[in-house]
>>> print(open('final-v1.txt').read())   # compact mmCIF, C-alpha atoms
# COMPACT_ATOMS: atom_id res chain seq x y z
CA MET K 1 -33.20 4.92 0.62
CA ASP K 2 -31.18 2.14 -0.98
CA LEU K 3 -30.00 2.25 -4.57
CA PRO K 4 -30.99 -0.60 -6.88
CA LEU K 5 -28.05 -1.67 -9.04
CA PRO K 6 -28.18 -2.32 -12.79
CA CYS K 7 -29.77 -5.66 -13.62
CA PRO K 8 -27.99 -7.45 -15.01
CA LEU K 9 -24.92 -5.60 -13.79
CA GLN K 10 -23.59 -5.46 -17.35
CA ALA K 11 -26.58 -3.31 -18.32
CA GLY K 12 -24.80 -0.32 -16.81
CA TRP K 13 -26.11 3.18 -16.22
CA GLU K 14 -28.33 5.69 -17.98
CA LEU K 15 -27.49 9.38 -17.96
CA ILE K 16 -30.79 11.09 -17.07
CA ARG K 17 -29.67 14.71 -17.01
CA THR K 18 -26.66 17.00 -16.72
CA ILE K 19 -26.92 20.38 -15.01
CA SER K 20 -24.39 23.21 -15.23
CA LEU K 21 -24.36 25.11 -11.94
CA PRO K 22 -23.74 28.88 -11.83
CA ARG K 23 -20.29 30.18 -10.95
CA LYS K 24 -21.68 33.02 -8.83
CA ALA K 25 -24.11 33.05 -5.90
CA ALA K 26 -26.85 35.66 -5.53
CA ASP K 27 -24.53 37.69 -3.29
CA GLY K 28 -21.82 37.71 -5.97
CA ARG K 29 -19.47 35.29 -4.28
CA SER K 30 -17.84 32.54 -6.34
CA LEU K 31 -19.32 29.06 -6.42
CA GLY K 32 -17.18 26.07 -7.31
CA GLY K 33 -14.60 23.59 -6.18
CA PHE K 34 -17.34 21.08 -5.34
CA SER K 35 -15.60 17.94 -4.10
CA ALA K 36 -18.30 16.01 -2.22
CA ALA K 37 -22.09 15.72 -2.09
CA SER K 38 -24.84 14.43 0.19
CA TYR K 39 -28.55 14.36 -0.67
CA GLN K 40 -31.35 14.59 1.91
CA THR K 41 -34.46 12.97 0.45
CA LYS K 42 -37.17 14.35 2.73
CA GLU K 43 -35.95 17.93 2.36
CA ASP K 44 -35.09 17.49 -1.35
CA GLN K 45 -31.82 19.19 -0.53
CA LEU K 46 -28.45 18.50 -2.12
CA TRP K 47 -25.48 19.57 -0.02
CA LEU K 48 -22.26 20.32 -1.90
CA LEU K 49 -18.92 20.70 -0.14
CA SER K 50 -16.42 23.14 -1.63
CA ASP K 51 -12.69 22.59 -1.27
CA SER K 52 -12.12 26.35 -1.37
CA SER K 53 -9.30 27.61 0.83
CA HIS K 54 -11.43 27.96 4.00
CA GLY K 55 -14.10 25.38 3.17
CA HIS K 56 -17.87 25.82 3.01
CA LEU K 57 -21.12 23.97 2.30
CA VAL K 58 -23.86 25.05 -0.10
CA PRO K 59 -27.37 23.52 0.11
CA TRP K 60 -29.27 23.31 -3.18
CA GLY K 61 -33.03 22.80 -3.15
CA GLY K 62 -35.39 21.41 -5.76
CA LEU K 63 -33.43 18.58 -7.40
CA ALA K 64 -36.37 16.15 -7.34
CA ARG K 65 -38.68 18.80 -8.83
CA LEU K 66 -36.13 19.60 -11.52
CA ILE K 67 -35.80 15.95 -12.53
CA ALA K 68 -39.59 15.53 -12.50
CA GLY K 69 -39.99 18.56 -14.78
CA THR K 70 -42.01 20.66 -12.33
CA SER K 71 -39.17 23.18 -11.91
CA ASN K 72 -36.49 24.48 -14.26
CA LYS K 73 -33.72 25.34 -11.82
CA LEU K 74 -32.00 24.50 -8.56
CA THR K 75 -32.12 27.01 -5.74
CA PRO K 76 -28.90 27.57 -3.78
CA GLY K 77 -29.27 28.35 -0.09
CA PRO K 78 -26.88 30.46 1.99
CA ARG K 79 -23.41 29.00 2.21
CA ARG K 80 -22.31 27.51 5.52
CA GLN K 81 -18.77 28.66 6.26
CA LEU K 82 -16.80 26.04 8.18
CA ARG K 83 -15.66 27.30 11.58
CA ASP K 84 -13.69 26.13 14.60
CA PRO K 85 -15.53 25.37 17.88
CA ALA K 86 -15.20 29.01 18.94
CA GLY K 87 -16.87 30.22 15.74
CA HIS K 88 -13.79 31.48 13.90
CA VAL K 89 -13.43 30.82 10.17
CA LEU K 90 -11.06 27.92 9.59
CA PRO K 91 -7.50 28.87 8.62
CA LYS K 92 -6.64 28.96 4.94
CA GLY K 93 -5.73 25.53 3.62
CA PHE K 94 -8.71 23.45 4.73
CA ASP K 95 -9.36 21.04 1.85
CA GLY K 96 -12.70 19.30 2.32
CA GLU K 97 -13.08 16.19 0.14
CA GLY K 98 -15.60 13.81 1.79
CA LEU K 99 -19.11 14.55 3.08
CA VAL K 100 -21.97 12.81 4.88
CA VAL K 101 -24.94 14.92 6.03
CA GLU K 102 -27.17 13.30 8.63
CA GLY K 103 -29.87 15.28 10.37
CA GLY K 104 -28.44 18.47 11.81
CA HIS K 105 -24.78 17.57 11.51
CA ALA K 106 -22.30 16.61 8.83
CA TRP K 107 -19.16 14.50 8.73
CA ILE K 108 -16.36 15.97 6.63
CA ALA K 109 -13.00 14.49 5.62
CA SER K 110 -10.28 16.95 4.67
CA GLU K 111 -7.04 16.33 2.80
CA GLY K 112 -3.70 17.19 4.32
CA SER K 113 -0.33 18.26 2.97
CA ARG K 114 1.87 16.39 5.51
CA ARG K 115 2.47 19.65 7.41
CA PRO K 116 1.23 20.06 11.02
CA LYS K 117 -0.72 23.19 10.11
CA ARG K 118 -2.51 21.33 7.31
CA ALA K 119 -3.03 17.89 8.77
CA ALA K 120 -5.64 15.55 7.31
CA ARG K 121 -8.79 15.43 9.47
CA LEU K 122 -12.17 13.79 9.97
CA ILE K 123 -14.57 16.16 11.69
CA ARG K 124 -18.23 16.53 12.58
CA ILE K 125 -19.87 19.93 12.20
CA ASP K 126 -23.21 21.54 12.95
CA VAL K 127 -24.71 22.22 9.51
CA GLN K 128 -26.50 25.37 10.64
CA THR K 129 -23.51 27.12 12.21
CA GLY K 130 -20.67 25.35 10.40
CA ARG K 131 -18.86 24.89 13.73
CA ILE K 132 -16.72 21.85 14.41
CA GLN K 133 -18.30 19.64 17.07
CA LYS K 134 -15.95 16.67 17.08
CA LEU K 135 -12.60 15.51 15.71
CA ILE K 136 -12.16 11.79 14.90
CA PRO K 137 -8.58 10.46 14.82
CA LEU K 138 -7.35 8.86 11.60
CA PRO K 139 -5.66 5.44 11.60
CA LYS K 140 -2.05 5.59 12.81
CA SER K 141 -0.84 4.13 9.52
CA TRP K 142 -2.26 7.20 7.74
CA ILE K 143 -0.45 9.78 9.88
CA ALA K 144 2.49 11.58 8.26
CA GLN K 145 5.83 10.15 9.38
CA PRO K 146 9.09 9.88 7.44
CA GLY K 147 8.40 7.55 4.52
CA GLN K 148 4.88 6.66 5.58
CA GLY K 149 1.33 7.94 5.86
CA LEU K 150 -0.89 9.72 3.36
CA ALA K 151 0.90 11.40 0.48
CA SER K 152 0.54 15.17 0.25
CA ASN K 153 -2.92 16.15 -1.01
CA LYS K 154 -3.84 12.49 -1.55
CA GLY K 155 -6.38 11.92 1.17
CA PRO K 156 -8.62 11.43 2.94
CA GLU K 157 -10.70 11.83 -0.21
CA SER K 158 -13.89 9.82 0.32
CA LEU K 159 -16.43 9.26 3.06
CA THR K 160 -19.64 7.23 3.29
CA LEU K 161 -22.06 6.16 6.02
CA LEU K 162 -22.32 2.43 6.73
CA ASN K 163 -24.95 2.71 9.47
CA SER K 164 -25.95 5.12 12.23
CA SER K 165 -22.69 4.56 14.11
CA GLU K 166 -20.07 3.67 11.48
CA LEU K 167 -18.30 5.47 8.65
CA LEU K 168 -16.03 4.25 5.88
CA ILE K 169 -13.21 6.61 4.91
CA ALA K 170 -10.69 6.27 2.09
CA ALA K 171 -7.65 7.99 0.61
CA GLU K 172 -7.16 9.06 -3.00
CA ARG K 173 -3.87 7.26 -3.60
CA PRO K 174 -1.89 4.50 -1.83
CA LEU K 175 -0.06 5.13 1.44
CA LEU K 176 3.62 5.95 1.06
CA GLN K 177 4.62 2.71 2.78
CA SER K 178 2.37 0.54 0.61
CA ASP K 179 3.96 -2.05 -1.69
CA ASN K 180 0.84 -2.10 -3.90
CA PRO K 181 0.81 0.96 -6.20
CA THR K 182 -2.83 0.44 -7.27
CA ALA K 183 -4.52 -0.24 -3.90
CA ILE K 184 -6.23 2.51 -1.93
CA PRO K 185 -6.37 2.40 1.90
CA ILE K 186 -9.81 2.38 3.49
CA ALA K 187 -10.76 2.37 7.17
CA ARG K 188 -13.96 1.56 9.01
CA VAL K 189 -14.43 3.81 12.05
CA THR K 190 -17.18 4.47 14.56
CA THR K 191 -18.67 7.92 14.98
CA THR K 192 -17.16 7.96 18.47
CA GLY K 193 -13.65 7.53 17.07
CA THR K 194 -12.90 3.81 17.38
CA LEU K 195 -11.01 2.19 14.52
CA ILE K 196 -12.78 -1.06 13.55
CA SER K 197 -10.69 -2.26 10.64
CA GLU K 198 -8.33 -1.25 7.84
CA SER K 199 -8.17 -2.68 4.34
CA GLU K 200 -7.57 -1.64 0.73
CA LEU K 201 -9.54 -1.28 -2.49
CA GLU K 202 -7.85 -2.50 -5.65
CA LEU K 203 -8.51 0.12 -8.33
CA GLY K 204 -6.20 -1.06 -11.10
CA PHE K 205 -4.99 2.38 -12.20
CA SER K 206 -4.44 3.13 -15.86
CA GLY K 207 -2.55 6.37 -15.27
CA SER K 208 -0.33 8.10 -12.72
CA GLN K 209 -3.01 10.73 -12.04
CA ASP K 210 -5.86 8.27 -11.45
CA GLY K 211 -7.37 8.11 -8.00
CA LEU K 212 -10.42 7.40 -5.88
CA THR K 213 -12.65 10.47 -5.48
CA ASP K 214 -15.74 9.20 -3.62
CA LEU K 215 -17.49 6.19 -2.07
CA LEU K 216 -21.14 5.26 -1.64
CA ALA K 217 -22.14 2.34 0.60
CA LEU K 218 -25.27 0.32 -0.21
CA PRO K 219 -25.57 -1.55 3.13
CA ARG K 220 -28.80 -3.39 2.42
CA ARG K 221 -27.21 -4.91 -0.68
CA ASN K 222 -23.81 -5.40 0.99
CA ARG K 223 -22.22 -3.42 -1.82
CA LEU K 224 -19.91 -0.43 -2.19
CA LEU K 225 -19.63 1.93 -5.17
CA ALA K 226 -16.34 3.72 -5.84
CA LEU K 227 -15.93 6.71 -8.17
CA VAL K 228 -12.51 6.77 -9.84
CA ARG K 229 -11.17 9.78 -11.72
CA GLY K 230 -8.39 9.63 -14.30
CA PHE K 231 -6.48 12.50 -15.88
CA ASP K 232 -3.85 12.95 -18.57
CA ALA K 233 -2.50 16.44 -19.28
CA PRO K 234 -3.63 18.77 -20.61
CA PHE K 235 -7.39 18.02 -20.55
CA THR K 236 -8.06 14.30 -20.91
CA TRP K 237 -10.41 13.02 -18.22
CA ARG K 238 -11.69 9.55 -17.33
CA ALA K 239 -14.51 8.53 -14.99
CA ARG K 240 -15.15 4.97 -13.82
CA LEU K 241 -17.58 3.51 -11.32
CA LEU K 242 -16.48 0.30 -9.58
CA LEU K 243 -18.60 -2.10 -7.53
CA TYR K 244 -17.27 -4.03 -4.50
CA SER K 245 -18.63 -6.16 -1.71
CA LEU K 246 -18.68 -4.13 1.48
CA PRO K 247 -15.58 -4.76 3.62
CA LYS K 248 -16.26 -6.74 6.77
CA ALA K 249 -15.49 -5.54 10.28
CA THR K 250 -12.15 -7.35 10.18
CA ALA K 251 -8.92 -6.65 8.35
CA ALA K 252 -8.91 -8.04 4.81
CA PRO K 253 -6.63 -8.21 1.75
CA PRO K 254 -7.25 -5.72 -1.08
CA LEU K 255 -10.87 -5.94 -2.17
CA GLN K 256 -11.27 -6.70 -5.87
CA PRO K 257 -13.97 -4.99 -7.96
CA LEU K 258 -16.91 -7.14 -8.96
CA ILE K 259 -17.50 -5.04 -12.08
CA GLY K 260 -16.66 -1.60 -13.44
CA TRP K 261 -18.37 0.86 -15.78
CA ASN K 262 -16.88 3.58 -17.98
CA LEU K 263 -19.22 6.48 -17.22
CA LEU K 264 -18.08 8.57 -20.19
CA GLU K 265 -19.69 5.96 -22.43
CA THR K 266 -23.09 7.07 -21.03
CA GLY K 267 -22.54 10.60 -22.34
CA LEU K 268 -21.20 12.01 -19.07
CA PRO K 269 -19.12 15.14 -19.85
CA ALA K 270 -15.38 14.56 -19.59
CA ASP K 271 -14.44 16.57 -16.52
CA ASN K 272 -13.15 16.34 -12.95
CA TRP K 273 -15.85 14.15 -11.33
CA GLU K 274 -15.31 14.06 -7.57
CA ALA K 275 -18.64 13.63 -5.76
CA LEU K 276 -21.12 10.76 -5.53
CA THR K 277 -24.40 10.45 -3.60
CA VAL K 278 -27.82 8.80 -3.78
CA GLY K 279 -30.33 11.09 -5.46
CA PRO K 280 -34.12 11.40 -5.93
CA ARG K 281 -36.38 8.62 -7.16
CA LEU K 282 -37.61 8.76 -10.76
CA ALA K 283 -41.26 8.39 -11.75
CA ASP K 284 -40.52 4.82 -12.91
CA GLY K 285 -39.35 3.92 -9.39
CA ARG K 286 -35.61 3.89 -10.03
CA THR K 287 -33.43 5.62 -7.46
CA THR K 288 -30.75 7.81 -8.99
CA LEU K 289 -27.11 8.55 -8.45
CA VAL K 290 -25.98 12.18 -8.39
CA LEU K 291 -22.42 13.09 -9.36
CA ALA K 292 -20.75 16.50 -9.07
CA SER K 293 -17.59 17.83 -10.67
CA ASP K 294 -14.94 20.13 -9.22
CA ASP K 295 -14.18 23.00 -11.61
CA ASN K 296 -11.00 23.93 -9.72
CA TYR K 297 -12.18 27.53 -10.26
CA SER K 298 -10.86 27.17 -13.80
CA PRO K 299 -12.48 28.85 -16.85
CA PHE K 300 -11.79 25.65 -18.79
CA GLN K 301 -13.99 23.48 -16.54
CA GLU K 302 -17.60 23.43 -15.34
CA ASN K 303 -19.55 22.97 -12.10
CA TRP K 304 -21.46 19.95 -13.39
CA LEU K 305 -24.16 17.88 -11.74
CA ALA K 306 -25.11 14.60 -13.39
CA VAL K 307 -28.11 12.41 -12.55
CA MET K 308 -27.78 8.74 -13.47
CA ALA K 309 -30.05 5.72 -13.03
CA PRO K 310 -29.39 1.98 -13.26
CA ARG K 311 -30.54 0.24 -16.41
CA ARG K 312 -32.82 -2.69 -15.67
CA THR K 313 -34.20 -5.27 -18.09
CA SER K 314 -37.86 -6.35 -17.99
CA SER K 315 -36.97 -9.53 -16.09
CA CYS K 316 -35.38 -7.45 -13.30
CA ARG K 317 -37.94 -4.72 -12.71
CA ASN K 318 -39.47 -6.32 -9.64
CA GLU K 319 -36.16 -7.08 -7.92
>>> encode(input="final-v1.txt", output="structure tokens")
Amino acid sequence: MDLPLPCPLQAGWELIRTISLPRKAADGRSLGGFSAASYQTKEDQLWLLSDSSHGHLVPWGGLARLIAGTSNKLTPGPRRQLRDPAGHVLPKGFDGEGLVVEGGHAWIASEGSRRPKRAARLIRIDVQTGRIQKLIPLPKSWIAQPGQGLASNKGPESLTLLNSSELLIAAERPLLQSDNPTAIPIARVTTTGTLISESELELGFSGSQDGLTDLLALPRRNRLLALVRGFDAPFTWRARLLLYSLPKATAAPPLQPLIGWNLLETGLPADNWEALTVGPRLADGRTTLVLASDDNYSPFQENWLAVMAPRRTSSCRNE
């Protein structure tokens, strides 16, 4: 399912609904730390990835029914604990930040801290067992070396599917060796582990704590959406959505945004928005975006879901 964009682009986005998720599962375990999302249309299932210390996935059913008004709640399924190939729970410190669910497996990007025991990773897992099936190497320029590589806890942060054999992965902040303090490294890789190209997204930060939190490719429209979070202490949040042309399969200079939208102007709650995915289709035919926030397991934040749809004028409805 492809997502129609606002038409004209300046029309922006409509906030359809916000949903506050529970902090406890039926078995009493904590729910939260949701840092990435992936929606499966046929199953009407929204997968949320938690960046809790060992990492797990939670499938939520019934989002389309909730939006349509035929149900009044989402139903969480059993959590899928992430495990190594032998079936052991991953060591403490796994920090999942990017997610793509496709069929019976999922691609997950995890942040690193520049220590060998907590290296950044791109993995494929079996969604039923949570076991790692494959490890994809990151670009050499991203690997921690003195004065270069990903900064600690600054990526990989985002992951999106370009086609059945290619992924686009991105960091949260610039590489240590970068001379552009507002450009985020991105890399196009195959699902077999081949690096196709590296480039950068120009975000134009407005604060030292701003960063890229998720990507969503719209291949049929040759477009890329980027979710950018901003923060000023103690509790001032920003949320922007930027639109780019999809990077080509060759190295390129920093990609400049075609347009950007301040999502808080739609009524989106000011919080730590980290996840972005295509959502269900509305009765009027518009395909939605679904955003999720990471509560950091803090009593001052929420586990929010937000459903948004592109605004379209009468002259654009058939496009």
>>> residues_around(input="final-v1.txt", residues="K:Leu195", least_positions_apart="6", cutoff="9 Å", atoms="only C-alpha atoms", output="MDAnalysis selection string")
chainID K and resid 137:139 187:189
>>> closest_residue(input="final-v1.txt", among="K:Leu243, K:Leu90, K:Ile143, K:Leu167", to="K:Gly130", atoms="all atoms listed in the file")
K:Leu90
>>> closest_residue(input="final-v1.txt", among="K:Leu150, K:Ala171, K:Leu224, K:Leu57", to="K:Ile125", atoms="all atoms listed in the file")
K:Leu57
>>> residues_around(input="final-v1.txt", residues="K:Ala170", least_positions_apart="2", cutoff="8 Å", atoms="all atoms listed in the file", output="MDAnalysis selection string")
chainID K and resid 155:159 168 172 184:187 215
>>> atom_distance(input="final-v1.txt", atom1="atom CA of K:Gln148", atom2="atom CA of K:Ser208")
19.1 Å
>>> residues_around(input="final-v1.txt", residues="K:Leu175", least_positions_apart="2", cutoff="6 Å", atoms="only C-alpha atoms", output="PyMOL selection string")
chain K and resi 149-150+177-178
>>> write_last_selection(input="final-v1.txt", atoms="C-alpha atoms", output="compact mmCIF listing (two decimals), in the coordinates of the input")
# COMPACT_ATOMS: atom_id res chain seq x y z
CA GLY K 149 1.33 7.94 5.86
CA LEU K 150 -0.89 9.72 3.36
CA GLN K 177 4.62 2.71 2.78
CA SER K 178 2.37 0.54 0.61
>>> closest_residue(input="final-v1.txt", among="K:Gly93, K:Gly285, K:Pro6, K:Gly61", to="K:Pro116", atoms="all atoms listed in the file")
K:Gly93
>>> residues_around(input="final-v1.txt", residues="K:Ala233", least_positions_apart="4", cutoff="12 Å", atoms="all atoms listed in the file", output="JSON, numbers by chain")
{"K": [207, 208, 209, 210, 237, 238]}
>>> residues_around(input="final-v1.txt", residues="stretch 10-19 of chain K", least_positions_apart="5", cutoff="6 Å", atoms="only C-alpha atoms", output="list of chain:residue names")
K:Thr266, K:Trp304, K:Leu305, K:Ala306, K:Val307, K:Met308, K:Ala309, K:Pro310, K:Arg311
>>> closest_residue(input="final-v1.txt", among="K:Leu263, K:Val228, K:Glu274, K:Thr190", to="K:Gly98", atoms="all atoms listed in the file")
K:Glu274
>>> atom_distance(input="final-v1.txt", atom1="atom CA of K:Phe34", atom2="atom CA of K:Pro257")
26.4 Å
>>> closest_residue(input="final-v1.txt", among="K:Ala109, K:Leu176, K:Leu161, K:Leu276", to="K:Trp142", atoms="all atoms listed in the file")
K:Leu176
>>> axis_aligned_box(input="final-v1.txt", around="stretch 62-73 of chain K", padding_each_side="6 Å", output="AutoDock Vina command-line options")
--center_x -37.7 --center_y 20.4 --center_z -10.3 --size_x 20.6 --size_y 21.8 --size_z 21.0
>>> atom_distance(input="final-v1.txt", atom1="atom CA of K:Arg240", atom2="atom CA of K:Ala68")
26.7 Å
>>> build_atoms(input="final-v1.txt", residues="stretch 175-195 of chain K", atoms="N, CA and C atoms", output="compact mmCIF listing (two decimals), keeping the file's coordinate frame")
# COMPACT_ATOMS: atom_id res chain seq x y z
N LEU K 175 -0.95 4.62 0.40
CA LEU K 175 -0.06 5.13 1.44
C LEU K 175 1.39 5.05 0.96
N LEU K 176 2.22 5.92 1.49
CA LEU K 176 3.62 5.95 1.06
C LEU K 176 4.33 4.63 1.34
N GLN K 177 3.95 3.95 2.42
CA GLN K 177 4.62 2.71 2.78
C GLN K 177 4.04 1.48 2.08
N SER K 178 3.01 1.67 1.25
CA SER K 178 2.37 0.54 0.61
C SER K 178 3.26 -0.05 -0.48
N ASP K 179 3.22 -1.39 -0.61
CA ASP K 179 3.96 -2.05 -1.69
C ASP K 179 3.03 -2.39 -2.86
N ASN K 180 1.78 -1.90 -2.81
CA ASN K 180 0.84 -2.10 -3.90
C ASN K 180 0.48 -0.74 -4.48
N PRO K 181 1.00 -0.38 -5.66
CA PRO K 181 0.81 0.96 -6.20
C PRO K 181 -0.58 1.23 -6.75
N THR K 182 -1.48 0.24 -6.73
CA THR K 182 -2.83 0.44 -7.27
C THR K 182 -3.92 0.16 -6.24
N ALA K 183 -3.54 0.05 -4.97
CA ALA K 183 -4.52 -0.24 -3.90
C ALA K 183 -4.66 0.96 -2.98
N ILE K 184 -5.90 1.33 -2.72
CA ILE K 184 -6.23 2.51 -1.93
C ILE K 184 -6.59 2.10 -0.50
N PRO K 185 -6.01 2.75 0.52
CA PRO K 185 -6.37 2.40 1.90
C PRO K 185 -7.76 2.88 2.26
N ILE K 186 -8.50 2.03 2.95
CA ILE K 186 -9.81 2.38 3.49
C ILE K 186 -9.83 1.99 4.96
N ALA K 187 -10.65 2.67 5.74
CA ALA K 187 -10.76 2.37 7.17
C ALA K 187 -12.21 2.50 7.60
N ARG K 188 -12.62 1.56 8.43
CA ARG K 188 -13.96 1.56 9.01
C ARG K 188 -13.83 2.08 10.43
N VAL K 189 -14.54 3.17 10.74
CA VAL K 189 -14.43 3.81 12.05
C VAL K 189 -15.82 4.07 12.61
N THR K 190 -15.92 4.10 13.94
CA THR K 190 -17.18 4.47 14.56
C THR K 190 -17.26 5.99 14.67
N THR K 191 -18.48 6.48 14.84
CA THR K 191 -18.67 7.92 14.98
C THR K 191 -18.18 8.44 16.32
N THR K 192 -17.77 7.54 17.20
CA THR K 192 -17.16 7.96 18.47
C THR K 192 -15.64 7.93 18.40
N GLY K 193 -15.09 7.46 17.26
CA GLY K 193 -13.65 7.53 17.07
C GLY K 193 -12.89 6.24 17.20
N THR K 194 -13.58 5.10 17.26
CA THR K 194 -12.90 3.81 17.38
C THR K 194 -12.62 3.24 15.99
N LEU K 195 -11.37 2.83 15.77
CA LEU K 195 -11.01 2.19 14.52
C LEU K 195 -11.46 0.72 14.57
